[in-house]
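Here is the file protein36.csv (CSV, N, CA, C and O atoms).
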chain,number,residue,atom,x,y,z
A,1,MET,N,-4.0,5.5,15.1
A,1,MET,CA,-3.2,5.5,13.9
A,1,MET,C,-4.1,5.6,12.7
A,1,MET,O,-5.2,5.2,12.7
A,2,LYS,N,-3.6,6.2,11.7
A,2,LYS,CA,-4.3,6.4,10.4
A,2,LYS,C,-4.2,5.1,9.5
A,2,LYS,O,-3.2,4.5,9.5
A,3,ASN,N,-5.3,4.9,8.8
A,3,ASN,CA,-5.2,3.9,7.7
A,3,ASN,C,-4.6,4.5,6.5
A,3,ASN,O,-5.1,5.5,6.0
A,4,LYS,N,-3.5,4.0,6.1
A,4,LYS,CA,-2.8,4.6,4.9
A,4,LYS,C,-3.2,3.8,3.6
A,4,LYS,O,-3.3,2.6,3.6
A,5,ILE,N,-3.5,4.6,2.6
A,5,ILE,CA,-3.8,4.0,1.3
A,5,ILE,C,-2.4,3.7,0.6
A,5,ILE,O,-1.6,4.6,0.5
A,6,GLY,N,-2.3,2.5,0.3
A,6,GLY,CA,-1.0,2.1,-0.4
A,6,GLY,C,-1.1,2.3,-1.9
A,6,GLY,O,-2.2,2.4,-2.5
A,7,PHE,N,0.0,2.2,-2.5
A,7,PHE,CA,0.1,2.3,-4.0
A,7,PHE,C,1.0,1.2,-4.4
A,7,PHE,O,2.2,1.2,-4.1
A,8,ASN,N,0.4,0.3,-5.2
A,8,ASN,CA,1.2,-0.8,-5.7
A,8,ASN,C,1.6,-0.6,-7.1
A,8,ASN,O,0.7,-0.6,-8.0
A,9,LEU,N,2.8,-0.4,-7.4
A,9,LEU,CA,3.3,-0.1,-8.7
A,9,LEU,C,3.1,-1.2,-9.7
A,9,LEU,O,2.8,-1.0,-10.9
A,10,VAL,N,3.2,-2.4,-9.3
A,10,VAL,CA,3.0,-3.6,-10.2
A,10,VAL,C,1.6,-3.6,-10.8
A,10,VAL,O,1.5,-3.7,-12.0
A,11,PHE,N,0.6,-3.4,-10.0
A,11,PHE,CA,-0.8,-3.4,-10.5
A,11,PHE,C,-1.0,-2.2,-11.3
A,11,PHE,O,-1.8,-2.2,-12.2
A,12,ALA,N,-0.4,-1.1,-11.0
A,12,ALA,CA,-0.6,0.1,-11.8
A,12,ALA,C,0.0,-0.1,-13.2
A,12,ALA,O,-0.5,0.4,-14.2
A,13,LEU,N,1.2,-0.7,-13.3
A,13,LEU,CA,1.8,-1.0,-14.6
A,13,LEU,C,1.0,-2.1,-15.4
A,13,LEU,O,1.0,-2.0,-16.6
A,14,LEU,N,0.3,-2.9,-14.7
A,14,LEU,CA,-0.6,-3.9,-15.4
A,14,LEU,C,-1.9,-3.2,-15.8
A,14,LEU,O,-2.4,-3.6,-16.9
A,15,ALA,N,-2.4,-2.3,-15.1
A,15,ALA,CA,-3.6,-1.6,-15.4
A,15,ALA,C,-3.5,-0.7,-16.7
A,15,ALA,O,-4.5,-0.6,-17.4
A,16,PHE,N,-2.3,-0.2,-16.9
A,16,PHE,CA,-2.2,0.7,-18.1
A,16,PHE,C,-2.4,0.0,-19.4
A,16,PHE,O,-3.2,0.4,-20.2
A,17,PRO,N,-1.7,-1.1,-19.7
A,17,PRO,CA,-2.0,-1.8,-21.0
A,17,PRO,C,-3.4,-2.4,-21.1
A,17,PRO,O,-3.9,-2.5,-22.2
A,18,ILE,N,-3.9,-2.9,-20.0
A,18,ILE,CA,-5.2,-3.4,-20.0
A,18,ILE,C,-6.3,-2.3,-20.3
A,18,ILE,O,-7.2,-2.5,-21.0
A,19,GLY,N,-6.0,-1.1,-19.7
A,19,GLY,CA,-6.9,0.0,-20.0
A,19,GLY,C,-6.8,0.4,-21.5
A,19,GLY,O,-7.8,0.8,-22.1
A,20,LEU,N,-5.6,0.4,-22.1
A,20,LEU,CA,-5.5,0.7,-23.5
A,20,LEU,C,-6.2,-0.4,-24.3
A,20,LEU,O,-6.9,0.0,-25.3
A,21,ALA,N,-6.1,-1.6,-24.0
A,21,ALA,CA,-6.8,-2.7,-24.7
A,21,ALA,C,-8.3,-2.5,-24.6
A,21,ALA,O,-9.0,-2.8,-25.5
A,22,LEU,N,-8.7,-2.1,-23.4
A,22,LEU,CA,-10.2,-1.9,-23.2
A,22,LEU,C,-10.7,-0.8,-24.0
A,22,LEU,O,-11.8,-0.9,-24.6
A,23,SER,N,-9.9,0.3,-24.1
A,23,SER,CA,-10.4,1.4,-24.9
A,23,SER,C,-10.4,1.1,-26.4
A,23,SER,O,-11.2,1.6,-27.2
A,24,ASN,N,-9.5,0.2,-26.9
A,24,ASN,CA,-9.5,-0.2,-28.2
A,24,ASN,C,-10.6,-1.2,-28.5
A,24,ASN,O,-11.1,-1.2,-29.7
A,25,GLU,N,-11.0,-1.9,-27.6
A,25,GLU,CA,-12.1,-2.9,-27.7
A,25,GLU,C,-13.5,-2.2,-27.7
A,25,GLU,O,-14.4,-2.8,-28.3
A,26,PHE,N,-13.6,-1.1,-27.1
A,26,PHE,CA,-14.9,-0.4,-27.0
A,26,PHE,C,-15.1,0.5,-28.2
A,26,PHE,O,-14.3,1.2,-28.7
A,27,ASP,N,-16.4,0.4,-28.8
A,27,ASP,CA,-16.8,1.2,-29.9
A,27,ASP,C,-17.5,2.4,-29.4
A,27,ASP,O,-18.6,2.2,-28.9
A,28,PHE,N,-16.9,3.6,-29.5
A,28,PHE,CA,-17.5,4.8,-29.0
A,28,PHE,C,-18.7,5.3,-29.8
A,28,PHE,O,-19.4,6.1,-29.3
A,29,GLU,N,-18.8,4.9,-31.0
A,29,GLU,CA,-20.0,5.3,-31.8
A,29,GLU,C,-21.3,4.6,-31.4
A,29,GLU,O,-22.3,5.3,-31.3
A,30,THR,N,-21.2,3.3,-31.1
A,30,THR,CA,-22.4,2.6,-30.7
A,30,THR,C,-22.4,2.3,-29.2
A,30,THR,O,-23.4,1.7,-28.7
A,31,PHE,N,-21.4,2.6,-28.5
A,31,PHE,CA,-21.2,2.4,-27.0
A,31,PHE,C,-21.4,0.9,-26.7
A,31,PHE,O,-22.1,0.5,-25.8
A,32,THR,N,-20.8,0.0,-27.5
A,32,THR,CA,-20.7,-1.4,-27.2
A,32,THR,C,-19.3,-1.9,-27.4
A,32,THR,O,-18.5,-1.2,-27.9
A,33,PHE,N,-19.1,-3.2,-27.0
A,33,PHE,CA,-17.8,-3.8,-27.2
A,33,PHE,C,-17.8,-4.5,-28.5
A,33,PHE,O,-18.9,-5.0,-29.0
A,34,ARG,N,-16.7,-4.5,-29.2
A,34,ARG,CA,-16.6,-5.2,-30.5
A,34,ARG,C,-16.8,-6.7,-30.3
A,34,ARG,O,-17.6,-7.3,-31.0
A,35,LYS,N,-16.1,-7.2,-29.3
A,35,LYS,CA,-16.3,-8.7,-28.9
A,35,LYS,C,-16.7,-8.6,-27.5
A,35,LYS,O,-15.9,-8.2,-26.6
A,36,THR,N,-17.9,-9.0,-27.2
A,36,THR,CA,-18.5,-8.8,-25.9
A,36,THR,C,-17.8,-9.5,-24.8
A,36,THR,O,-17.5,-8.9,-23.7
A,37,GLY,N,-17.5,-10.8,-25.0
A,37,GLY,CA,-16.8,-11.6,-24.0
A,37,GLY,C,-15.4,-11.0,-23.6
A,37,GLY,O,-15.1,-10.9,-22.4
A,38,LEU,N,-14.7,-10.7,-24.6
A,38,LEU,CA,-13.3,-10.1,-24.4
A,38,LEU,C,-13.4,-8.7,-23.7
A,38,LEU,O,-12.6,-8.4,-22.8
A,39,GLY,N,-14.4,-7.9,-24.1
A,39,GLY,CA,-14.5,-6.6,-23.5
A,39,GLY,C,-14.9,-6.7,-22.0
A,39,GLY,O,-14.3,-5.9,-21.2
A,40,ILE,N,-15.8,-7.6,-21.7
A,40,ILE,CA,-16.1,-7.8,-20.3
A,40,ILE,C,-14.9,-8.3,-19.5
A,40,ILE,O,-14.7,-7.9,-18.3
A,41,LEU,N,-14.2,-9.2,-20.1
A,41,LEU,CA,-13.0,-9.7,-19.4
A,41,LEU,C,-12.0,-8.6,-19.1
A,41,LEU,O,-11.4,-8.5,-18.1
A,42,TYR,N,-11.7,-7.8,-20.1
A,42,TYR,CA,-10.8,-6.6,-20.0
A,42,TYR,C,-11.4,-5.7,-18.9
A,42,TYR,O,-10.6,-5.2,-18.1
A,43,LEU,N,-12.7,-5.4,-18.9
A,43,LEU,CA,-13.2,-4.5,-17.9
A,43,LEU,C,-13.1,-5.0,-16.5
A,43,LEU,O,-12.7,-4.3,-15.6
A,44,VAL,N,-13.4,-6.3,-16.3
A,44,VAL,CA,-13.3,-6.9,-14.9
A,44,VAL,C,-11.8,-6.9,-14.5
A,44,VAL,O,-11.5,-6.5,-13.3
A,45,THR,N,-10.9,-7.2,-15.4
A,45,THR,CA,-9.5,-7.2,-15.0
A,45,THR,C,-9.0,-5.8,-14.7
A,45,THR,O,-8.2,-5.6,-13.8
A,46,PHE,N,-9.4,-4.8,-15.5
A,46,PHE,CA,-9.0,-3.5,-15.3
A,46,PHE,C,-9.5,-2.9,-13.9
A,46,PHE,O,-8.7,-2.3,-13.2
A,47,ILE,N,-10.7,-3.2,-13.6
A,47,ILE,CA,-11.3,-2.8,-12.3
A,47,ILE,C,-10.6,-3.5,-11.1
A,47,ILE,O,-10.2,-2.8,-10.1
A,48,ALA,N,-10.2,-4.8,-11.3
A,48,ALA,CA,-9.5,-5.5,-10.2
A,48,ALA,C,-8.1,-4.9,-10.1
A,48,ALA,O,-7.6,-4.7,-8.9
A,49,CYS,N,-7.4,-4.5,-11.2
A,49,CYS,CA,-6.1,-3.9,-11.1
A,49,CYS,C,-6.1,-2.6,-10.4
A,49,CYS,O,-5.3,-2.3,-9.6
A,50,ILE,N,-7.1,-1.8,-10.7
A,50,ILE,CA,-7.2,-0.5,-10.1
A,50,ILE,C,-7.5,-0.6,-8.6
A,50,ILE,O,-7.0,0.1,-7.8
A,51,PHE,N,-8.4,-1.6,-8.2
A,51,PHE,CA,-8.7,-1.8,-6.8
A,51,PHE,C,-7.5,-2.3,-6.1
A,51,PHE,O,-7.2,-1.8,-5.0
A,52,LEU,N,-6.7,-3.2,-6.6
A,52,LEU,CA,-5.5,-3.7,-6.0
A,52,LEU,C,-4.4,-2.6,-6.0
A,52,LEU,O,-3.5,-2.7,-5.1
A,53,THR,N,-4.4,-1.7,-6.9
A,53,THR,CA,-3.4,-0.6,-6.9
A,53,THR,C,-3.5,0.3,-5.7
A,53,THR,O,-2.6,0.7,-5.0
A,54,PHE,N,-4.8,0.6,-5.3
A,54,PHE,CA,-5.0,1.6,-4.2
A,54,PHE,C,-5.6,0.9,-3.0
A,54,PHE,O,-6.3,1.5,-2.2
A,55,LYS,N,-5.3,-0.4,-2.8
A,55,LYS,CA,-5.7,-1.1,-1.6
A,55,LYS,C,-5.1,-0.6,-0.3
A,55,LYS,O,-3.9,-0.2,-0.3
A,56,LYS,N,-5.9,-0.5,0.8
A,56,LYS,CA,-5.3,0.0,2.0
A,56,LYS,C,-4.4,-1.0,2.6
A,56,LYS,O,-4.5,-2.2,2.5
A,57,LYS,N,-3.4,-0.4,3.3
A,57,LYS,CA,-2.4,-1.2,4.0
A,57,LYS,C,-2.9,-1.7,5.3
A,57,LYS,O,-3.6,-0.9,6.0
A,58,LYS,N,-2.6,-2.9,5.7
A,58,LYS,CA,-3.1,-3.4,7.0
A,58,LYS,C,-2.1,-3.0,8.1
A,58,LYS,O,-0.9,-2.9,7.8
A,59,HIS,N,-2.6,-2.8,9.3
A,59,HIS,CA,-1.7,-2.5,10.4
A,59,HIS,C,-1.2,-3.8,11.0
A,59,HIS,O,-1.9,-4.8,11.1
A,60,GLN,N,0.1,-3.8,11.3
A,60,GLN,CA,0.7,-4.9,12.0
A,60,GLN,C,0.7,-4.5,13.5
A,60,GLN,O,1.4,-3.5,13.9
A,61,THR,N,0.1,-5.3,14.3
A,61,THR,CA,0.1,-5.0,15.7
A,61,THR,C,1.3,-5.7,16.4
A,61,THR,O,1.7,-6.8,16.0
A,62,GLU,N,1.8,-5.1,17.4
A,62,GLU,CA,3.0,-5.6,18.1
A,62,GLU,C,2.4,-6.5,19.2
A,62,GLU,O,1.5,-6.2,19.9
A,63,LYS,N,3.2,-7.6,19.5
A,63,LYS,CA,2.8,-8.5,20.5
A,63,LYS,C,3.6,-8.3,21.7
A,63,LYS,O,4.7,-8.0,21.7

Have the structure of the file written as structure tokens, please.
Amino acid sequence: MKNKIGFNLVFALLAFPIGLALSNEFDFETFTFRKTGLGILYLVTFIACIFLTFKKKKHQTEK
């Protein structure tokens, strides 16, 4: 059987506003975050949401 990549809509909907906040927090002229702690928190949360959005589905074996 194939491992299917799942798509979780909840985490996709969470990743969108977090990504927007991350892009607003990032200063593209100096390539730094305006507030470093908040920017790192947004980045870690955004990466976790993207990872959980495309997480592989587990197989359920029959007994």

Contact residues around A:Leu41 with only C-alpha atoms at 12 Å, ignoring same-chain residues under 5 positions, as a ChimeraX atom specification | /A:18-19,21-22,25,33,35-36,46-48

The distance between atom CA of A:Phe11 and atom C of A:Phe51 is 8.1 Å

One decimal, Å: what's the distance from atom N of A:Ile5 over to atom CA of A:Lys55, could you say?
->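 These atoms are spaced 7.4 Å apart.
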
For the structure I just gave you, how does DSSP split stretch 3-63 of chain A - specifically, which residues are alpha helix (DSSP H)? Reply as a PDB file with N, CA, C and O atoms, keeping the file's coordinate frame.
ATOM      1  N   LEU A   9       2.800  -0.400  -7.400  1.00  0.00           N
ATOM      2  CA  LEU A   9       3.300  -0.100  -8.700  1.00  0.00           C
ATOM      3  C   LEU A   9       3.100  -1.200  -9.700  1.00  0.00           C
ATOM      4  O   LEU A   9       2.800  -1.000 -10.900  1.00  0.00           O
ATOM      5  N   VAL A  10       3.200  -2.400  -9.300  1.00  0.00           N
ATOM      6  CA  VAL A  10       3.000  -3.600 -10.200  1.00  0.00           C
ATOM      7  C   VAL A  10       1.600  -3.600 -10.800  1.00  0.00           C
ATOM      8  O   VAL A  10       1.500  -3.700 -12.000  1.00  0.00           O
ATOM      9  N   PHE A  11       0.600  -3.400 -10.000  1.00  0.00           N
ATOM     10  CA  PHE A  11      -0.800  -3.400 -10.500  1.00  0.00           C
ATOM     11  C   PHE A  11      -1.000  -2.200 -11.300  1.00  0.00           C
ATOM     12  O   PHE A  11      -1.800  -2.200 -12.200  1.00  0.00           O
ATOM     13  N   ALA A  12      -0.400  -1.100 -11.000  1.00  0.00           N
ATOM     14  CA  ALA A  12      -0.600   0.100 -11.800  1.00  0.00           C
ATOM     15  C   ALA A  12       0.000  -0.100 -13.200  1.00  0.00           C
ATOM     16  O   ALA A  12      -0.500   0.400 -14.200  1.00  0.00           O
ATOM     17  N   LEU A  13       1.200  -0.700 -13.300  1.00  0.00           N
ATOM     18  CA  LEU A  13       1.800  -1.000 -14.600  1.00  0.00           C
ATOM     19  C   LEU A  13       1.000  -2.100 -15.400  1.00  0.00           C
ATOM     20  O   LEU A  13       1.000  -2.000 -16.600  1.00  0.00           O
ATOM     21  N   LEU A  14       0.300  -2.900 -14.700  1.00  0.00           N
ATOM     22  CA  LEU A  14      -0.600  -3.900 -15.400  1.00  0.00           C
ATOM     23  C   LEU A  14      -1.900  -3.200 -15.800  1.00  0.00           C
ATOM     24  O   LEU A  14      -2.400  -3.600 -16.900  1.00  0.00           O
ATOM     25  N   ALA A  15      -2.400  -2.300 -15.100  1.00  0.00           N
ATOM     26  CA  ALA A  15      -3.600  -1.600 -15.400  1.00  0.00           C
ATOM     27  C   ALA A  15      -3.500  -0.700 -16.700  1.00  0.00           C
ATOM     28  O   ALA A  15      -4.500  -0.600 -17.400  1.00  0.00           O
ATOM     29  N   PHE A  16      -2.300  -0.200 -16.900  1.00  0.00           N
ATOM     30  CA  PHE A  16      -2.200   0.700 -18.100  1.00  0.00           C
ATOM     31  C   PHE A  16      -2.400   0.000 -19.400  1.00  0.00           C
ATOM     32  O   PHE A  16      -3.200   0.400 -20.200  1.00  0.00           O
ATOM     33  N   PRO A  17      -1.700  -1.100 -19.700  1.00  0.00           N
ATOM     34  CA  PRO A  17      -2.000  -1.800 -21.000  1.00  0.00           C
ATOM     35  C   PRO A  17      -3.400  -2.400 -21.100  1.00  0.00           C
ATOM     36  O   PRO A  17      -3.900  -2.500 -22.200  1.00  0.00           O
ATOM     37  N   ILE A  18      -3.900  -2.900 -20.000  1.00  0.00           N
ATOM     38  CA  ILE A  18      -5.200  -3.400 -20.000  1.00  0.00           C
ATOM     39  C   ILE A  18      -6.300  -2.300 -20.300  1.00  0.00           C
ATOM     40  O   ILE A  18      -7.200  -2.500 -21.000  1.00  0.00           O
ATOM     41  N   GLY A  19      -6.000  -1.100 -19.700  1.00  0.00           N
ATOM     42  CA  GLY A  19      -6.900   0.000 -20.000  1.00  0.00           C
ATOM     43  C   GLY A  19      -6.800   0.400 -21.500  1.00  0.00           C
ATOM     44  O   GLY A  19      -7.800   0.800 -22.100  1.00  0.00           O
ATOM     45  N   LEU A  20      -5.600   0.400 -22.100  1.00  0.00           N
ATOM     46  CA  LEU A  20      -5.500   0.700 -23.500  1.00  0.00           C
ATOM     47  C   LEU A  20      -6.200  -0.400 -24.300  1.00  0.00           C
ATOM     48  O   LEU A  20      -6.900   0.000 -25.300  1.00  0.00           O
ATOM     49  N   ALA A  21      -6.100  -1.600 -24.000  1.00  0.00           N
ATOM     50  CA  ALA A  21      -6.800  -2.700 -24.700  1.00  0.00           C
ATOM     51  C   ALA A  21      -8.300  -2.500 -24.600  1.00  0.00           C
ATOM     52  O   ALA A  21      -9.000  -2.800 -25.500  1.00  0.00           O
ATOM     53  N   LEU A  22      -8.700  -2.100 -23.400  1.00  0.00           N
ATOM     54  CA  LEU A  22     -10.200  -1.900 -23.200  1.00  0.00           C
ATOM     55  C   LEU A  22     -10.700  -0.800 -24.000  1.00  0.00           C
ATOM     56  O   LEU A  22     -11.800  -0.900 -24.600  1.00  0.00           O
ATOM     57  N   SER A  23      -9.900   0.300 -24.100  1.00  0.00           N
ATOM     58  CA  SER A  23     -10.400   1.400 -24.900  1.00  0.00           C
ATOM     59  C   SER A  23     -10.400   1.100 -26.400  1.00  0.00           C
ATOM     60  O   SER A  23     -11.200   1.600 -27.200  1.00  0.00           O
ATOM     61  N   ASN A  24      -9.500   0.200 -26.900  1.00  0.00           N
ATOM     62  CA  ASN A  24      -9.500  -0.200 -28.200  1.00  0.00           C
ATOM     63  C   ASN A  24     -10.600  -1.200 -28.500  1.00  0.00           C
ATOM     64  O   ASN A  24     -11.100  -1.200 -29.700  1.00  0.00           O
ATOM     65  N   GLU A  25     -11.000  -1.900 -27.600  1.00  0.00           N
ATOM     66  CA  GLU A  25     -12.100  -2.900 -27.700  1.00  0.00           C
ATOM     67  C   GLU A  25     -13.500  -2.200 -27.700  1.00  0.00           C
ATOM     68  O   GLU A  25     -14.400  -2.800 -28.300  1.00  0.00           O
ATOM     69  N   THR A  36     -17.900  -9.000 -27.200  1.00  0.00           N
ATOM     70  CA  THR A  36     -18.500  -8.800 -25.900  1.00  0.00           C
ATOM     71  C   THR A  36     -17.800  -9.500 -24.800  1.00  0.00           C
ATOM     72  O   THR A  36     -17.500  -8.900 -23.700  1.00  0.00           O
ATOM     73  N   GLY A  37     -17.500 -10.800 -25.000  1.00  0.00           N
ATOM     74  CA  GLY A  37     -16.800 -11.600 -24.000  1.00  0.00           C
ATOM     75  C   GLY A  37     -15.400 -11.000 -23.600  1.00  0.00           C
ATOM     76  O   GLY A  37     -15.100 -10.900 -22.400  1.00  0.00           O
ATOM     77  N   LEU A  38     -14.700 -10.700 -24.600  1.00  0.00           N
ATOM     78  CA  LEU A  38     -13.300 -10.100 -24.400  1.00  0.00           C
ATOM     79  C   LEU A  38     -13.400  -8.700 -23.700  1.00  0.00           C
ATOM     80  O   LEU A  38     -12.600  -8.400 -22.800  1.00  0.00           O
ATOM     81  N   GLY A  39     -14.400  -7.900 -24.100  1.00  0.00           N
ATOM     82  CA  GLY A  39     -14.500  -6.600 -23.500  1.00  0.00           C
ATOM     83  C   GLY A  39     -14.900  -6.700 -22.000  1.00  0.00           C
ATOM     84  O   GLY A  39     -14.300  -5.900 -21.200  1.00  0.00           O
ATOM     85  N   ILE A  40     -15.800  -7.600 -21.700  1.00  0.00           N
ATOM     86  CA  ILE A  40     -16.100  -7.800 -20.300  1.00  0.00           C
ATOM     87  C   ILE A  40     -14.900  -8.300 -19.500  1.00  0.00           C
ATOM     88  O   ILE A  40     -14.700  -7.900 -18.300  1.00  0.00           O
ATOM     89  N   LEU A  41     -14.200  -9.200 -20.100  1.00  0.00           N
ATOM     90  CA  LEU A  41     -13.000  -9.700 -19.400  1.00  0.00           C
ATOM     91  C   LEU A  41     -12.000  -8.600 -19.100  1.00  0.00           C
ATOM     92  O   LEU A  41     -11.400  -8.500 -18.100  1.00  0.00           O
ATOM     93  N   TYR A  42     -11.700  -7.800 -20.100  1.00  0.00           N
ATOM     94  CA  TYR A  42     -10.800  -6.600 -20.000  1.00  0.00           C
ATOM     95  C   TYR A  42     -11.400  -5.700 -18.900  1.00  0.00           C
ATOM     96  O   TYR A  42     -10.600  -5.200 -18.100  1.00  0.00           O
ATOM     97  N   LEU A  43     -12.700  -5.400 -18.900  1.00  0.00           N
ATOM     98  CA  LEU A  43     -13.200  -4.500 -17.900  1.00  0.00           C
ATOM     99  C   LEU A  43     -13.100  -5.000 -16.500  1.00  0.00           C
ATOM    100  O   LEU A  43     -12.700  -4.300 -15.600  1.00  0.00           O
ATOM    101  N   VAL A  44     -13.400  -6.300 -16.300  1.00  0.00           N
ATOM    102  CA  VAL A  44     -13.300  -6.900 -14.900  1.00  0.00           C
ATOM    103  C   VAL A  44     -11.800  -6.900 -14.500  1.00  0.00           C
ATOM    104  O   VAL A  44     -11.500  -6.500 -13.300  1.00  0.00           O
ATOM    105  N   THR A  45     -10.900  -7.200 -15.400  1.00  0.00           N
ATOM    106  CA  THR A  45      -9.500  -7.200 -15.000  1.00  0.00           C
ATOM    107  C   THR A  45      -9.000  -5.800 -14.700  1.00  0.00           C
ATOM    108  O   THR A  45      -8.200  -5.600 -13.800  1.00  0.00           O
ATOM    109  N   PHE A  46      -9.400  -4.800 -15.500  1.00  0.00           N
ATOM    110  CA  PHE A  46      -9.000  -3.500 -15.300  1.00  0.00           C
ATOM    111  C   PHE A  46      -9.500  -2.900 -13.900  1.00  0.00           C
ATOM    112  O   PHE A  46      -8.700  -2.300 -13.200  1.00  0.00           O
ATOM    113  N   ILE A  47     -10.700  -3.200 -13.600  1.00  0.00           N
ATOM    114  CA  ILE A  47     -11.300  -2.800 -12.300  1.00  0.00           C
ATOM    115  C   ILE A  47     -10.600  -3.500 -11.100  1.00  0.00           C
ATOM    116  O   ILE A  47     -10.200  -2.800 -10.100  1.00  0.00           O
ATOM    117  N   ALA A  48     -10.200  -4.800 -11.300  1.00  0.00           N
ATOM    118  CA  ALA A  48      -9.500  -5.500 -10.200  1.00  0.00           C
ATOM    119  C   ALA A  48      -8.100  -4.900 -10.100  1.00  0.00           C
ATOM    120  O   ALA A  48      -7.600  -4.700  -8.900  1.00  0.00           O
ATOM    121  N   CYS A  49      -7.400  -4.500 -11.200  1.00  0.00           N
ATOM    122  CA  CYS A  49      -6.100  -3.900 -11.100  1.00  0.00           C
ATOM    123  C   CYS A  49      -6.100  -2.600 -10.400  1.00  0.00           C
ATOM    124  O   CYS A  49      -5.300  -2.300  -9.600  1.00  0.00           O
ATOM    125  N   ILE A  50      -7.100  -1.800 -10.700  1.00  0.00           N
ATOM    126  CA  ILE A  50      -7.200  -0.500 -10.100  1.00  0.00           C
ATOM    127  C   ILE A  50      -7.500  -0.600  -8.600  1.00  0.00           C
ATOM    128  O   ILE A  50      -7.000   0.100  -7.800  1.00  0.00           O
ATOM    129  N   PHE A  51      -8.400  -1.600  -8.200  1.00  0.00           N
ATOM    130  CA  PHE A  51      -8.700  -1.800  -6.800  1.00  0.00           C
ATOM    131  C   PHE A  51      -7.500  -2.300  -6.100  1.00  0.00           C
ATOM    132  O   PHE A  51      -7.200  -1.800  -5.000  1.00  0.00           O
ATOM    133  N   LEU A  52      -6.700  -3.200  -6.600  1.00  0.00           N
ATOM    134  CA  LEU A  52      -5.500  -3.700  -6.000  1.00  0.00           C
ATOM    135  C   LEU A  52      -4.400  -2.600  -6.000  1.00  0.00           C
ATOM    136  O   LEU A  52      -3.500  -2.700  -5.100  1.00  0.00           O
ATOM    137  N   THR A  53      -4.400  -1.700  -6.900  1.00  0.00           N
ATOM    138  CA  THR A  53      -3.400  -0.600  -6.900  1.00  0.00           C
ATOM    139  C   THR A  53      -3.500   0.300  -5.700  1.00  0.00           C
ATOM    140  O   THR A  53      -2.600   0.700  -5.000  1.00  0.00           O
TER     141      THR A  53
END

How many Å lie between atom O of A:Phe7 and atom C of A:Phe54, rounded to one decimal?
-> 7.9 Å

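Between A:Thr53 and the candidates A:Thr32, A:Leu13, A:Asn8, A:Phe26, the tightest atom-to-atom separation, counting only N, CA, C and O atoms, involves A:Asn8.
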
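Of the listed residues (A:Glu29, A:Ala12, A:Arg34, A:Leu20), A:Ala12 comes nearest to A:Cys49; the distances count only N, CA, C and O atoms.
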
If you run DSSP on the backbone, which residues of chain A are strand (DSSP E), as an NGL selection string?
-> :A and (26-27 or 32-33)
